[in-house]
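Working notes, beginning with the structure itself.
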Amino acid sequence: MSKQTRPNVIVFFTDQQRWDTTGVHGNPLGLTPNFDRMAQEGTHITNSFTCQPVCAPARSSLQTGKYATSTGCYRNSIPLPEDSQTLAHYFSGSGYRTGYIGKWHLADEEPVPAGKRGGYDYWLASNLLEFTSDSYDTVMYNNDNEPVKLPGYRVDAITDAAIRYIDKHQEDPFFLFLSYIEPHHQNHLDNYPAPIGYESQYTGKWTPPDLTALGGSAPQHLGGYYGMVKRLDEAFGRLTDTLRSLGLSDNTVVLFTSDHGCHFKTRHREYKRSCHESSMRVPTAITGPGFNGGGQVQRLVSLIDLPPTLLDAADIPIPAS
């Protein structure tokens, strides 16, 4: 494929987002109009599941196309082996510029040294973004491992960085992995810090049936959680507006998905790490060349199915592994 016709590829990756935060999955609060439109106009993977409901193992699978038992990252705090072949290696080897912005969670050092960045050539990230940043205090590290403080609410700060990347690389075929921490809880607070004014809009409005039946921390946290989802969807809209304004919409594949869901301490005293739908099912849709008008995919799809899908979309040979 020529440089002019090769599609750009963007992964919009959220953290701990339940599938039923979206309108197309029945949430009545209007949190995700941009995702809903994407799902309706593109290809909506309606039964999308993580292959392991915890951050690092799920991320290792999405980066490599291998199960966590094969990557070795079968739990948190086990780094991705440096010789692992990732999406970045495959795209770079086919002439793409590659960029990673946001949360990594596949290393054992902070800042992440070059050899543990999965092969991405542009880097603006933190291994554990939940510890290097807060909702209005975003700090990540650049290619030289210098700390970079970005202005704005964290979702917006990361989105601004992504927009700058896209603008700078619009003449190149690029693969951009955009990894948010939202709507994951802020660990040191055990809270879901939405943008100012957002939490109150959604507190006490609607509770999914499993949380209504089982309780947990949902009454305390759902308002903030939903507020974070709302801002993520607004950021997604800004990203798609960027592609449209630069004339890149028709030649960019965009994947929206999440690493796992959230059961709000209903199955045990944590938020995930359980084999229940609330921990495992995530919102997933794809738009762009080959995916527009794809309708609903009803069969079960896992995160491990997505790497070969992206490679195929860019006409990159899919390794047997």
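Scheme for the structure tokens: letters A, B, ... for chains in order shown; per-chain residue numbers from 1; ligand numbers from 1 in order shown.
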task: Can you pull out every residue within 8 Å of Met38 in chain A, counting only C-alpha atoms, but drop anything in the same chain fewer than 6 positions away, and send it as a list in words?
output: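 Close residues of Met38 in chain A: His44, Ala285, Ile286 and Thr287 of chain A.
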Would you mind exporting the chosen residues as a PDB file, in the first residue's frame, restricted to C-alpha atoms?
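Wrote again_10.pdb, looks like this:
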ATOM      1  CA  HIS A  44     -20.198  -2.439  17.211  1.00  0.00           C
ATOM      2  CA  ALA A 285     -16.515  -0.372  18.594  1.00  0.00           C
ATOM      3  CA  ILE A 286     -14.401   0.305  15.504  1.00  0.00           C
ATOM      4  CA  THR A 287     -14.801   2.851  12.703  1.00  0.00           C
TER       5      THR A 287
END
- request: List every residue of range 22-194 of chain A that DSSP, applied to the backbone of this structure, assigns to strand (DSSP E or B), and report them as a PyMOL selection string.
  value: chain A and resi 43-45+48-49+97-103+122-126+134+137-141+147-150+174-179+186+191
Residues of range 229-311 of chain A that approach range 4-23 of chain A to 6 Å or less, counting only C-alpha atoms: could you list each one with the shortest pair of atoms and its distance in Å to one decimal, rows by chain and increasing residue number, as a Markdown table?
| residue | atom | partner | partner_atom | distance |
| --- | --- | --- | --- | --- |
| A:Asn251 | CA | A:Pro7 | CA | 4.8 |
| A:Thr252 | CA | A:Asn8 | CA | 4.5 |
| A:Val253 | CA | A:Val9 | CA | 4.7 |
| A:Val254 | CA | A:Ile10 | CA | 4.8 |
| A:Leu255 | CA | A:Val11 | CA | 4.8 |
| A:Phe256 | CA | A:Phe12 | CA | 4.7 |
| A:Thr257 | CA | A:Phe13 | CA | 5.3 |
| A:Ser258 | CA | A:Thr14 | CA | 4.6 |
| A:Asp259 | CA | A:Asp15 | CA | 5.6 |
| A:His260 | CA | A:Gln16 | CA | 4.9 |
| A:Gly261 | CA | A:Arg18 | CA | 4.3 |
| A:Cys262 | CA | A:Gln16 | CA | 5.7 |
| A:Arg281 | CA | A:Trp19 | CA | 5.8 |
| A:Val282 | CA | A:Trp19 | CA | 4.3 |
| A:Pro283 | CA | A:Trp19 | CA | 4.3 |
field: Nearest to Gly290 in chain A, chosen from A:Thr242, A:Thr43, A:Thr71, A:Ser278, with only C-alpha atoms counted in the distances
entry: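 Smallest separation from Gly290 in chain A among the options: A:Thr43.
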- request: Determine which residues of range 70-291 of chain A receive a DSSP assignment of helix (DSSP H, G or I), computed from the backbone, and state them as a ChimeraX atom specification.
  value: /A:70-71,87-93,114-116,129-132,154-168,199-202,209-214,218-245,249-251,277-280
task: Go through A:Asp190, A:Asp108, A:Asp121, A:Asp305 one by one, measure the shortest atom-to-atom distance of each to Asn76 in chain A using only C-alpha atoms, and give the residue with the smallest value.
output: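 Using only C-alpha atoms, the shortest distance to Asn76 in chain A belongs to A:Asp108.
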message: With only C-alpha atoms as the counted atoms, please give the residues lying no more than 10 Å from Gln220 in chain A, apart from itself and same-chain residues fewer than 4 positions off, as JSON, numbers by chain.
response: {"A": [191, 192, 203, 204, 216, 224, 225, 264]}
Export N, CA, C and O atoms of the chosen residues as a PDB file, in the first residue's frame?
ATOM      1  N   ASN A 191     -11.553   6.966  45.327  1.00  0.00           N
ATOM      2  CA  ASN A 191     -12.651   7.802  44.874  1.00  0.00           C
ATOM      3  C   ASN A 191     -12.572   7.935  43.359  1.00  0.00           C
ATOM      4  O   ASN A 191     -11.541   7.641  42.740  1.00  0.00           O
ATOM      5  N   TYR A 192     -13.663   8.388  42.747  1.00  0.00           N
ATOM      6  CA  TYR A 192     -13.752   8.561  41.295  1.00  0.00           C
ATOM      7  C   TYR A 192     -13.901  10.053  40.998  1.00  0.00           C
ATOM      8  O   TYR A 192     -15.023  10.568  40.927  1.00  0.00           O
ATOM      9  N   THR A 203     -25.328  11.604  40.304  1.00  0.00           N
ATOM     10  CA  THR A 203     -25.501  10.904  41.572  1.00  0.00           C
ATOM     11  C   THR A 203     -26.972  10.552  41.795  1.00  0.00           C
ATOM     12  O   THR A 203     -27.853  11.409  41.683  1.00  0.00           O
ATOM     13  N   GLY A 204     -27.233   9.284  42.084  1.00  0.00           N
ATOM     14  CA  GLY A 204     -28.587   8.843  42.379  1.00  0.00           C
ATOM     15  C   GLY A 204     -29.515   8.751  41.188  1.00  0.00           C
ATOM     16  O   GLY A 204     -30.733   8.612  41.356  1.00  0.00           O
ATOM     17  N   GLY A 216     -22.673  -2.873  47.438  1.00  0.00           N
ATOM     18  CA  GLY A 216     -21.285  -2.480  47.280  1.00  0.00           C
ATOM     19  C   GLY A 216     -21.102  -0.987  47.442  1.00  0.00           C
ATOM     20  O   GLY A 216     -21.831  -0.331  48.194  1.00  0.00           O
ATOM     21  N   GLY A 224     -19.547   9.966  40.455  1.00  0.00           N
ATOM     22  CA  GLY A 224     -18.232  10.352  39.960  1.00  0.00           C
ATOM     23  C   GLY A 224     -17.791   9.497  38.781  1.00  0.00           C
ATOM     24  O   GLY A 224     -17.222   9.996  37.808  1.00  0.00           O
ATOM     25  N   TYR A 225     -18.076   8.214  38.871  1.00  0.00           N
ATOM     26  CA  TYR A 225     -17.727   7.284  37.788  1.00  0.00           C
ATOM     27  C   TYR A 225     -18.408   7.694  36.485  1.00  0.00           C
ATOM     28  O   TYR A 225     -17.772   7.791  35.427  1.00  0.00           O
ATOM     29  N   PHE A 264     -17.650  -2.598  41.618  1.00  0.00           N
ATOM     30  CA  PHE A 264     -17.910  -1.721  42.761  1.00  0.00           C
ATOM     31  C   PHE A 264     -18.031  -2.469  44.091  1.00  0.00           C
ATOM     32  O   PHE A 264     -18.979  -2.279  44.854  1.00  0.00           O
TER      33      PHE A 264
END
- prompt: Quick one, how far is CA of Pro183 in chain A from CA of Asn143 in chain A?
  reply: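 These atoms are spaced 26.1 Å apart.
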- request: Considering only C-alpha atoms, state which residue in the set A:Asp167, A:Glu41, A:Glu199, A:Asp315 is at the smallest distance from Val229 in chain A.
  value: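 Using only C-alpha atoms, the shortest distance to Val229 in chain A belongs to A:Glu199.
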query: Of the residues A:Pro79, A:Gly102, A:Pro53, A:Gly26, which is the one nearest to Leu176 in chain A, using only C-alpha atoms?
result: A:Gly102
- prompt: Please, what distance in Å, to one decimal, runs between CA of Leu80 in chain A and CA of Pro308 in chain A?
  reply: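 It comes out at 18.9 Å.
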field: Counting only C-alpha atoms, the option among A:Tyr122, A:Tyr271, A:Tyr74, A:Tyr141 closest to Ser92 in chain A
entry: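 When distances to Ser92 in chain A are compared using only C-alpha atoms, the smallest one comes from A:Tyr122.
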So that I can see what lies close to Arg59 in chain A, please list as a PDB file with N, CA and C atoms, in the first residue's frame the residues with an atom at most 8 Å from it, counting only C-alpha atoms and leaving out residues fewer than 4 positions away in the same chain.
ATOM      1  N   CYS A  55      -5.605  -4.791  35.277  1.00  0.00           N
ATOM      2  CA  CYS A  55      -4.933  -3.881  34.333  1.00  0.00           C
ATOM      3  C   CYS A  55      -3.814  -4.517  33.514  1.00  0.00           C
ATOM      4  N   GLN A  63      -1.512  -5.545  23.784  1.00  0.00           N
ATOM      5  CA  GLN A  63      -0.292  -5.117  23.102  1.00  0.00           C
ATOM      6  C   GLN A  63       0.319  -6.226  22.246  1.00  0.00           C
ATOM      7  N   HIS A 105       1.519   0.705  32.437  1.00  0.00           N
ATOM      8  CA  HIS A 105       1.296  -0.366  33.415  1.00  0.00           C
ATOM      9  C   HIS A 105       1.819  -1.719  32.930  1.00  0.00           C
ATOM     10  N   LEU A 106       2.953  -1.685  32.193  1.00  0.00           N
ATOM     11  CA  LEU A 106       3.586  -2.934  31.763  1.00  0.00           C
ATOM     12  C   LEU A 106       5.077  -2.927  32.050  1.00  0.00           C
ATOM     13  N   ASP A 259      -9.922  -1.926  29.282  1.00  0.00           N
ATOM     14  CA  ASP A 259      -9.176  -3.103  29.722  1.00  0.00           C
ATOM     15  C   ASP A 259     -10.022  -4.075  30.543  1.00  0.00           C
TER      16      ASP A 259
END
- prompt: Of the candidates A:Val139, A:Ile163, A:Val24, A:Val155, which one gets nearest to Leu243 in chain A if we count only C-alpha atoms?
  reply: A:Ile163
task: Could you give me, as a ChimeraX atom specification, the residues within 12 Å of Tyr202 in chain A, counting only C-alpha atoms and dropping anything in the same chain fewer than 2 positions from it?
output: /A:21,27-31,194,197-200,204-207,218-230
message: Need the shell around Arg299 in chain A: protein/DNA/RNA residues with any atom at most 9 Å away, counting only C-alpha atoms. Skip same-chain ones fewer than 2 positions apart. Format as an MDAnalysis selection string?
response: chainID A and resid 45:48 297 301
Each residue of range 49-114 of chain A lying at most 7 Å from range 125-133 of chain A should get a row with its shortest atom-to-atom pair and the distance in Å to one decimal, counting only C-alpha atoms; could you produce that, ordered by chain and increasing number, as CSV?
residue,atom,partner,partner_atom,distance
A:Tyr100,CA,A:Ala125,CA,6.9
A:Ile101,CA,A:Ala125,CA,5.1
A:Gly102,CA,A:Ala125,CA,4.5
A:Lys103,CA,A:Leu129,CA,5.2
A:Trp104,CA,A:Asn127,CA,4.6
A:His105,CA,A:Asn127,CA,4.6
A:Leu106,CA,A:Asn127,CA,6.7
A:Ala107,CA,A:Asn127,CA,6.3
A:Glu110,CA,A:Asn127,CA,6.1
A:Pro111,CA,A:Ser126,CA,6.5
A:Val112,CA,A:Asn127,CA,6.3
